[in-house]
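Engineer: work04.cif (mmCIF, C-alpha atoms and all ligand atoms) pasted underneath:
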```
data_protein
#
loop_
_atom_site.label_atom_id
_atom_site.label_comp_id
_atom_site.auth_asym_id
_atom_site.auth_seq_id
_atom_site.Cartn_x
_atom_site.Cartn_y
_atom_site.Cartn_z
CA MET G 1 92.05 77.28 100.66
CA ARG G 2 89.74 76.34 97.80
CA ASP G 3 90.78 73.94 95.02
CA GLY G 4 91.45 76.52 92.32
CA ARG G 5 93.99 79.35 92.47
CA SER G 6 93.53 82.16 94.97
CA LEU G 7 91.11 84.85 93.79
CA THR G 8 92.11 87.13 96.66
CA SER G 9 95.64 87.24 95.21
CA ASP G 10 94.12 88.44 91.92
CA LEU G 11 92.03 91.05 93.71
CA VAL G 12 94.94 92.58 95.62
CA ALA G 13 97.12 92.55 92.50
CA ALA G 14 94.31 94.33 90.60
CA VAL G 15 94.34 97.07 93.24
CA ARG G 16 98.13 97.41 92.99
CA ALA G 17 97.86 97.53 89.20
CA TYR G 18 95.31 100.34 89.54
CA TYR G 19 97.42 102.47 91.87
CA SER G 20 100.51 101.88 89.70
CA ALA G 21 98.61 103.48 86.82
CA CYS G 22 97.47 106.52 88.83
CA PRO G 23 98.97 110.01 88.60
CA ALA G 24 101.67 111.00 91.08
CA ASP G 25 99.47 111.94 94.06
CA LEU G 26 97.99 108.42 94.20
CA ASP G 27 100.86 106.42 92.65
CA THR G 28 101.54 104.44 95.81
CA VAL G 29 103.31 101.35 94.50
CA HIS G 30 105.10 101.01 91.19
CA ASP G 31 103.89 97.58 90.06
CA PRO G 32 103.25 97.70 86.30
CA LEU G 33 103.75 93.92 85.96
CA ALA G 34 100.65 93.29 88.11
CA ALA G 35 98.33 94.15 85.21
CA GLU G 36 100.04 91.58 82.97
CA LEU G 37 99.59 88.78 85.50
CA LEU G 38 95.87 89.35 85.90
CA PRO G 39 92.95 87.91 83.97
CA ARG G 40 92.07 90.56 81.36
CA ALA G 41 88.77 91.52 83.03
CA MET G 42 90.55 92.47 86.24
CA ALA G 43 93.22 94.59 84.57
CA TRP G 44 90.85 96.96 82.74
CA PRO G 45 90.47 99.57 85.55
CA ALA G 46 94.27 100.03 85.51
CA GLN G 47 94.29 100.24 81.72
CA LEU G 48 91.43 102.74 81.71
CA VAL G 49 93.05 105.06 84.23
CA ARG G 50 96.39 104.86 82.40
CA ARG G 51 94.60 106.17 79.28
CA MET G 52 92.45 108.68 81.19
CA PRO G 53 94.38 109.87 84.28
CA PRO G 54 91.69 112.40 85.35
CA LEU G 55 89.48 109.40 86.27
CA ALA G 56 92.00 108.16 88.84
CA ARG G 57 90.64 109.98 91.86
CA ALA G 58 87.03 109.05 91.06
CA GLY G 59 88.02 105.37 90.80
CA HIS G 60 89.96 105.64 94.05
CA LEU G 61 86.92 107.03 95.88
CA VAL G 62 84.33 104.70 94.33
CA ALA G 63 86.42 101.56 94.99
CA GLY G 64 87.10 102.76 98.53
CA MET G 65 83.38 103.32 99.11
CA PHE G 66 82.25 99.94 97.74
CA SER G 67 84.99 98.01 99.53
CA MET G 68 84.40 99.99 102.73
CA GLY G 69 87.98 101.23 102.73
CA LEU G 70 89.57 97.85 102.00
CA SER G 71 90.94 98.93 98.61
CA TYR G 72 92.98 101.68 100.33
CA LEU G 73 94.77 99.19 102.52
CA ILE G 74 96.34 97.17 99.70
CA PRO G 75 98.75 99.64 98.06
CA LEU G 76 99.56 101.19 101.43
CA ARG G 77 100.55 97.93 103.11
CA THR G 78 102.69 96.95 100.11
CA ARG G 79 104.44 100.33 100.20
CA ALA G 80 105.06 100.01 103.95
CA ILE G 81 106.52 96.51 103.53
CA ASP G 82 108.71 97.70 100.63
CA ALA G 83 110.12 100.38 102.94
CA ALA G 84 110.88 97.85 105.70
CA LEU G 85 112.50 95.51 103.16
CA ALA G 86 114.66 98.32 101.74
CA HIS G 87 115.89 99.10 105.24
CA ASP G 88 117.01 95.50 105.78
CA VAL G 89 118.68 95.15 102.39
CA GLU G 90 120.61 98.34 103.18
CA ARG G 91 121.81 96.74 106.40
CA GLY G 92 123.07 93.73 104.45
CA THR G 93 120.29 91.11 104.30
CA ARG G 94 120.52 89.09 101.09
CA GLN G 95 117.71 86.52 101.46
CA LEU G 96 114.05 87.39 101.02
CA VAL G 97 111.26 84.89 101.64
CA ILE G 98 107.74 85.80 100.54
CA LEU G 99 105.17 83.55 102.25
CA GLY G 100 101.87 83.20 100.37
CA ALA G 101 103.37 85.26 97.54
CA GLY G 102 100.32 85.28 95.25
CA LEU G 103 100.98 87.77 92.43
CA ASP G 104 103.66 89.61 94.43
CA THR G 105 106.12 91.10 91.92
CA ARG G 106 108.88 92.32 94.23
CA ALA G 107 111.36 89.89 92.67
CA PHE G 108 110.78 91.64 89.33
CA ARG G 109 110.15 95.26 90.25
CA LEU G 110 112.70 96.07 93.00
CA PRO G 111 116.23 96.80 91.73
CA LEU G 112 117.39 96.92 95.37
CA LEU G 113 117.15 93.09 95.29
CA ALA G 114 119.94 92.83 92.69
CA ASP G 115 122.24 90.95 95.12
CA CYS G 116 119.48 88.97 96.82
CA ARG G 117 118.11 85.46 96.55
CA VAL G 118 114.31 85.49 96.67
CA PHE G 119 112.12 82.53 97.65
CA GLU G 120 108.46 82.73 96.71
CA VAL G 121 106.46 80.28 98.81
CA ASP G 122 102.84 79.63 97.92
CA HIS G 123 100.12 77.09 97.37
CA PRO G 124 100.73 75.32 94.04
CA ASN G 125 97.19 76.18 92.88
CA THR G 126 98.18 79.86 92.95
CA GLN G 127 101.87 79.50 92.15
CA ASP G 128 101.70 77.31 89.03
CA PRO G 129 99.65 79.74 86.90
CA LYS G 130 101.78 82.65 88.11
CA ARG G 131 104.99 80.85 87.12
CA ALA G 132 103.60 80.35 83.63
CA LYS G 133 102.81 84.08 83.35
CA VAL G 134 106.18 85.39 84.59
CA ALA G 135 108.19 82.89 82.54
CA GLY G 136 109.20 85.50 79.95
CA HIS G 137 110.21 88.16 82.47
CA LEU G 138 113.69 88.73 83.85
CA PRO G 139 113.82 88.96 87.65
CA ALA G 140 115.48 92.02 89.18
CA CYS G 141 116.95 89.85 91.93
CA ARG G 142 120.06 87.66 91.73
CA GLU G 143 118.05 84.44 91.95
CA LEU G 144 114.37 83.60 92.20
CA ARG G 145 113.24 80.26 93.54
CA PHE G 146 109.63 79.06 93.66
CA CYS G 147 108.63 76.76 96.51
CA ALA G 148 105.21 75.07 96.59
CA ILE G 149 103.54 74.49 99.96
CA ASP G 150 100.21 74.05 101.71
CA PHE G 151 100.71 75.77 105.07
CA GLU G 152 97.90 73.65 106.55
CA ARG G 153 99.65 70.39 105.67
CA GLN G 154 103.37 70.88 105.11
CA GLY G 155 106.34 72.16 107.08
CA LEU G 156 108.17 75.22 105.86
CA SER G 157 111.69 74.11 106.84
CA GLN G 158 111.93 71.13 104.51
CA VAL G 159 110.43 73.05 101.62
CA LEU G 160 112.77 76.03 101.97
CA GLU G 161 115.95 74.12 102.73
CA ALA G 162 115.34 71.87 99.73
CA ALA G 163 115.24 75.10 97.68
CA GLY G 164 118.63 76.26 99.00
CA PHE G 165 117.65 78.57 101.87
CA ASP G 166 120.68 79.32 104.07
CA ARG G 167 119.72 79.30 107.75
CA GLN G 168 123.13 80.75 108.75
CA ALA G 169 122.44 84.00 106.85
CA PRO G 170 119.88 86.62 107.91
CA ALA G 171 116.62 86.71 106.00
CA PHE G 172 113.75 89.15 105.54
CA TRP G 173 110.37 87.40 105.69
CA ILE G 174 107.24 88.88 104.13
CA TRP G 175 103.88 87.48 105.20
CA GLU G 176 101.50 89.92 103.52
CA GLY G 177 97.74 89.36 103.56
CA VAL G 178 97.94 85.65 104.41
CA THR G 179 97.59 84.96 108.16
CA MET G 180 93.87 85.74 108.16
CA TYR G 181 93.26 82.81 105.79
CA LEU G 182 95.07 80.30 108.02
CA SER G 183 94.04 78.28 111.07
CA ARG G 184 95.85 79.22 114.31
CA GLU G 185 97.70 75.86 114.11
CA ALA G 186 99.05 76.63 110.63
CA LEU G 187 99.95 80.20 111.64
CA GLU G 188 101.89 79.04 114.70
CA ALA G 189 103.57 76.13 112.94
CA THR G 190 104.71 78.42 110.13
CA ALA G 191 105.92 81.07 112.60
CA ASN G 192 107.82 78.34 114.51
CA ALA G 193 109.55 77.15 111.36
CA LEU G 194 110.27 80.70 110.21
CA ALA G 195 111.90 81.40 113.57
CA GLU G 196 113.96 78.21 113.53
CA LEU G 197 115.27 79.14 110.10
CA SER G 198 116.11 82.72 111.11
CA ALA G 199 119.69 83.70 111.86
CA PRO G 200 120.14 86.63 114.28
CA GLY G 201 119.36 89.92 112.53
CA SER G 202 116.56 88.39 110.45
CA ALA G 203 113.27 90.28 110.39
CA VAL G 204 109.65 89.46 109.65
CA ALA G 205 107.01 91.80 108.21
CA CYS G 206 103.66 90.14 108.93
CA THR G 207 100.18 91.55 108.39
CA TYR G 208 97.38 90.32 110.62
CA MET G 209 93.71 91.04 111.23
CA PRO G 210 92.59 91.86 114.79
CA PRO G 211 89.49 89.91 115.97
CA ALA G 212 87.28 93.00 116.28
CA VAL G 213 87.99 93.86 112.64
CA MET G 214 87.27 90.28 111.60
CA ARG G 215 83.86 90.37 113.30
CA ARG G 216 83.09 93.68 111.60
CA SER G 217 84.23 92.60 108.16
CA LEU G 218 82.47 89.21 108.38
CA THR G 219 79.19 91.01 108.76
CA ALA G 220 80.06 93.24 105.83
CA ALA G 221 79.67 92.33 102.17
CA GLY G 222 83.41 91.83 101.66
CA GLY G 223 83.71 89.15 104.33
CA SER G 224 80.76 87.15 103.00
CA LEU G 225 82.15 87.37 99.48
CA LEU G 226 85.45 85.85 100.61
CA GLY G 227 83.52 82.89 102.03
CA VAL G 228 81.68 82.46 98.73
CA ILE G 229 84.91 82.41 96.70
CA GLY G 230 86.36 79.78 99.02
CA GLU G 231 88.83 81.92 100.97
CA PRO G 232 87.03 82.65 104.25
CA ILE G 233 88.75 84.75 106.89
CA ILE G 234 89.45 82.33 109.74
CA GLY G 235 92.64 83.58 111.35
CA ALA G 236 92.15 86.73 113.38
CA ILE G 237 94.75 87.49 116.03
CA ASP G 238 95.27 90.52 118.23
CA SER G 239 98.41 92.67 118.47
CA ALA G 240 99.61 91.25 121.77
CA ALA G 241 99.08 87.63 120.66
CA ILE G 242 100.98 87.95 117.38
CA ALA G 243 103.81 89.80 119.09
CA ASP G 244 103.90 86.90 121.63
CA VAL G 245 104.05 84.27 118.90
CA PHE G 246 107.24 85.87 117.60
CA ALA G 247 108.62 86.97 120.99
CA GLY G 248 108.64 83.31 122.07
CA HIS G 249 111.16 82.75 119.30
CA GLY G 250 113.46 85.65 120.08
CA PHE G 251 111.83 88.27 117.80
CA GLU G 252 111.49 91.74 119.27
CA PRO G 253 108.78 94.01 117.80
CA GLU G 254 110.16 97.06 115.97
CA SER G 255 106.86 98.54 114.82
CA ASP G 256 103.14 97.75 114.64
CA ARG G 257 101.21 100.09 112.35
CA GLY G 258 97.99 100.20 110.36
CA ALA G 259 96.47 101.76 107.27
CA GLU G 260 95.65 105.09 108.93
CA ASP G 261 99.35 105.58 109.80
CA TRP G 262 100.46 104.78 106.25
CA ALA G 263 97.76 106.93 104.66
CA ALA G 264 98.89 109.90 106.74
CA HIS G 265 102.50 109.24 105.73
CA TYR G 266 102.12 108.43 102.02
CA TRP G 267 98.90 110.19 101.02
CA GLY G 268 98.52 113.03 103.48
CA PRO G 269 95.75 113.99 105.95
CA ARG G 270 93.08 114.48 103.24
CA GLU G 271 92.71 110.70 102.73
CA VAL G 272 92.93 109.50 106.33
CA PRO G 273 89.22 109.85 107.30
CA PHE G 274 88.26 107.36 104.53
CA VAL G 275 90.84 104.72 105.36
CA ARG G 276 89.86 101.73 107.55
CA GLY G 277 92.34 99.66 109.52
CA TYR G 278 91.51 96.12 108.35
CA GLU G 279 95.02 94.83 108.81
CA ARG G 280 98.04 95.83 110.83
CA LEU G 281 101.68 95.20 110.03
CA LEU G 282 104.04 93.86 112.67
CA VAL G 283 107.75 94.20 111.94
CA ALA G 284 109.86 92.19 114.37
CA ARG G 285 113.56 91.32 114.48
CA LYS G 286 115.36 88.26 115.75
CA THR G 287 117.65 89.50 118.49
CA ARG G 288 118.10 86.37 120.63
CA PRO G 289 117.60 82.58 120.43
CA GLY G 290 114.01 81.33 120.88
CA GLN G 291 112.81 79.41 123.96
CA ALA G 292 113.58 75.70 123.93
CA GLY G 293 110.51 73.66 122.97
CA SER G 294 108.68 76.56 121.35
CA SER G 295 108.98 75.05 117.92
CA SER G 296 106.42 72.27 117.99
CA GLY G 297 104.23 71.51 114.97
CA PRO G 298 105.12 70.85 111.35
CA GLY G 299 108.06 72.72 110.03
C1 LIG G 301 95.31 87.60 99.66
S1 LIG G 301 96.46 86.57 98.86
C2 LIG G 301 97.93 87.53 99.23
C3 LIG G 301 98.96 87.36 98.17
C4 LIG G 301 100.20 88.23 98.33
N1 LIG G 301 100.86 88.05 99.60
C5 LIG G 301 99.85 89.68 98.12
O1 LIG G 301 99.72 90.43 99.07
O2 LIG G 301 99.69 90.04 96.94
C6 LIG G 301 96.62 85.17 99.94
C7 LIG G 301 97.72 84.19 99.53
O3 LIG G 301 97.81 83.17 100.54
C8 LIG G 301 98.00 81.93 99.90
N2 LIG G 301 97.47 80.88 100.78
C9 LIG G 301 96.28 80.88 101.44
N3 LIG G 301 96.16 79.71 102.12
C10 LIG G 301 97.30 78.99 101.88
C11 LIG G 301 97.76 77.72 102.30
N4 LIG G 301 97.04 76.95 103.10
N5 LIG G 301 98.99 77.31 101.87
C12 LIG G 301 99.73 78.09 101.05
N6 LIG G 301 99.34 79.31 100.63
C13 LIG G 301 98.14 79.75 101.03
C14 LIG G 301 97.21 82.02 98.60
O4 LIG G 301 97.66 81.09 97.62
C15 LIG G 301 97.47 83.49 98.21
O5 LIG G 301 98.61 83.59 97.39
#
```
Transcribe the structure of this file into structure tokens.
Ligand SMILES: C[S@@+](CC[C@H](N)C(=O)[O-])C[C@H]1O[C@@H](n2cnc3c(N)ncnc32)[C@H](O)[C@@H]1O

Structural biologist:
Amino acid sequence: MRDGRSLTSDLVAAVRAYYSACPADLDTVHDPLAAELLPRAMAWPAQLVRRMPPLARAGHLVAGMFSMGLSYLIPLRTRAIDAALAHDVERGTRQLVILGAGLDTRAFRLPLLADCRVFEVDHPNTQDPKRAKVAGHLPACRELRFCAIDFERQGLSQVLEAAGFDRQAPAFWIWEGVTMYLSREALEATANALAELSAPGSAVACTYMPPAVMRRSLTAAGGSLLGVIGEPIIGAIDSAAIADVFAGHGFEPESDRGAEDWAAHYWGPREVPFVRGYERLLVARKTRPGQAGSSSGPG
């Protein structure tokens, strides 16, 4: 990751802010705080569409066209992860860990977390300015703890346990829009640590970018831009390989879906032809102990 804070976390929050301001047919995530966390220049599309709702669909189509469908993925993946999280909280999970949290606002916007302890784990370059911005806001969760980490250099276990994570209690892990920015070593080391810390019944919701998509997007404008802003996509992984990473630690896949599936579900068939599957979301649950020796690496 570059030296400054993550610009990709601003970009995805700007998209969530936009869709939160849209009329009902496009209102995919309800994330009004996103606009407040953003630099002013990135919040204006959301502010404009809030004042002039008839522009919402035009903005949706134009942004989708210029980003080659990438802008559609963001609110849809967040909505899909929210649904998976709600399912686990209903079954009794009370710990949520958000890895590479960026400007994620779940700790503030989801009343279902009222009895939960939330750990936001992120690079300090991104986390410090966010902490300053949310300082005046009351979390919706029981407790919110910020944990600073560089996944390329530090182990997750020490960082989380120092913050009070309870490895005897099940946890829900969110790894949204992060793995593609990590080396394979950092991805596997973090997955190892996550698994070691997971009591039976824990679940992970992890988005990943398949290699064919990475090759396509690296030749497209969006991929080059990410390199220029210092957050190149380096960590593609295919569906079987990511399922294997977690299966080695006792996690069984529950679902593996992409943007087309969510668009059909949340937006209806009219939108599906324009949506591109840049990322997929694997949801897997810890059902048995991991294999001995599968937890090498930092963590
Ligand atoms: C695209 S943003 C996603 C943010 C958030 N999950 C979301 O969907 O809104 C990528 C996030 O990964 C974090 N990140 C990237 N490389 C990292 C590293 N080596 N260590 C810690 N965090 C990292 C960035 O700080 C940023 O918050």

Engineer: List every protein, DNA or RNA residue that has an atom no more than 7 Å from (96.7, 93.8, 107.7) in the file's coordinate frame, counting all atoms listed in the file, and report them as an NGL selection string.

Structural biologist: :G and (177 or 207-209 or 278-281)

Engineer: Step by step, measure atom-to-atom distances between ligand LIG 301 (chain G) and each residue using all atoms listed in the file, keep those at most 9 Å, then write them as a PyMOL selection string.

Structural biologist: chain G and resi 1-2+5-13+16+74+77-78+98-105+121-127+148-154+174-183+186+231

Engineer: Could you give me, as a list in words, the residues within 8 Å of Glu143 (chain G), counting only C-alpha atoms and dropping anything in the same chain fewer than 3 positions from it?

Structural biologist: Cys116, Arg117, Val118 and Pro139 of chain G

Engineer: Write out as a ChimeraX atom specification which residues come within 12 Å of Leu33 (chain G) when counting all atoms listed in the file, dropping same-chain ones fewer than 6 positions away.

Structural biologist: /G:13-14,16-18,20-21,43,46,103-110,130,133-134,136-139

Engineer: Can you measure CA of His60 (chain G) to CA of Pro23 (chain G) for me? One decimal in Å is fine.

Structural biologist: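 It comes out at 11.4 Å.
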
Engineer: Residues at most 12 Å from Arg91 (chain G), counting all atoms listed in the file, excluding those fewer than 6 positions away in the same chain, as an mmCIF file with C-alpha atoms, in the frame of the given file?

Structural biologist:
```cif
data_model
loop_
_atom_site.group_PDB
_atom_site.id
_atom_site.type_symbol
_atom_site.label_atom_id
_atom_site.label_comp_id
_atom_site.auth_asym_id
_atom_site.auth_seq_id
_atom_site.Cartn_x
_atom_site.Cartn_y
_atom_site.Cartn_z
ATOM 1 C CA ALA G 84 110.880 97.850 105.700
ATOM 2 C CA LEU G 85 112.500 95.510 103.160
ATOM 3 C CA LEU G 112 117.390 96.920 95.370
ATOM 4 C CA PRO G 170 119.880 86.620 107.910
ATOM 5 C CA ALA G 171 116.620 86.710 106.000
ATOM 6 C CA PHE G 172 113.750 89.150 105.540
ATOM 7 C CA GLY G 201 119.360 89.920 112.530
ATOM 8 C CA SER G 202 116.560 88.390 110.450
ATOM 9 C CA ALA G 203 113.270 90.280 110.390
#
```

Engineer: Just want the 8 Å neighbourhood of region 247-256 of chain G, counted on all atoms listed in the file, with same-chain residues fewer than 6 positions away dropped. Output as a ChimeraX atom specification.

Structural biologist: /G:192,195-196,203,239,280-291,294

Engineer: In Å to one decimal, how far is CA of Cys147 (chain G) from CA of Leu113 (chain G)?

Structural biologist: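 According to the coordinates, CA of Leu113 (chain G) and CA of Cys147 (chain G) are separated by 18.5 Å.
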
Engineer: Just how far from CA of Asp166 (chain G) is CA of Leu144 (chain G), in Å to one decimal?

Structural biologist: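 Computing it gives 14.1 Å between the two atoms.
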
Engineer: So, with all atoms listed in the file as the atoms that count, which of G:Phe146, G:Leu156, G:Pro53, G:Pro111 lies closest to Asp128 (chain G)?

Structural biologist: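 Of all the options, G:Phe146 lies closest to Asp128 (chain G).
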
Engineer: Let me make sure I understand: among G:Ala193, G:Asp31, G:Gly69, G:Arg142, which one has the smallest atom-to-atom distance to Val272 (chain G) if we use all atoms listed in the file?

Structural biologist: G:Gly69
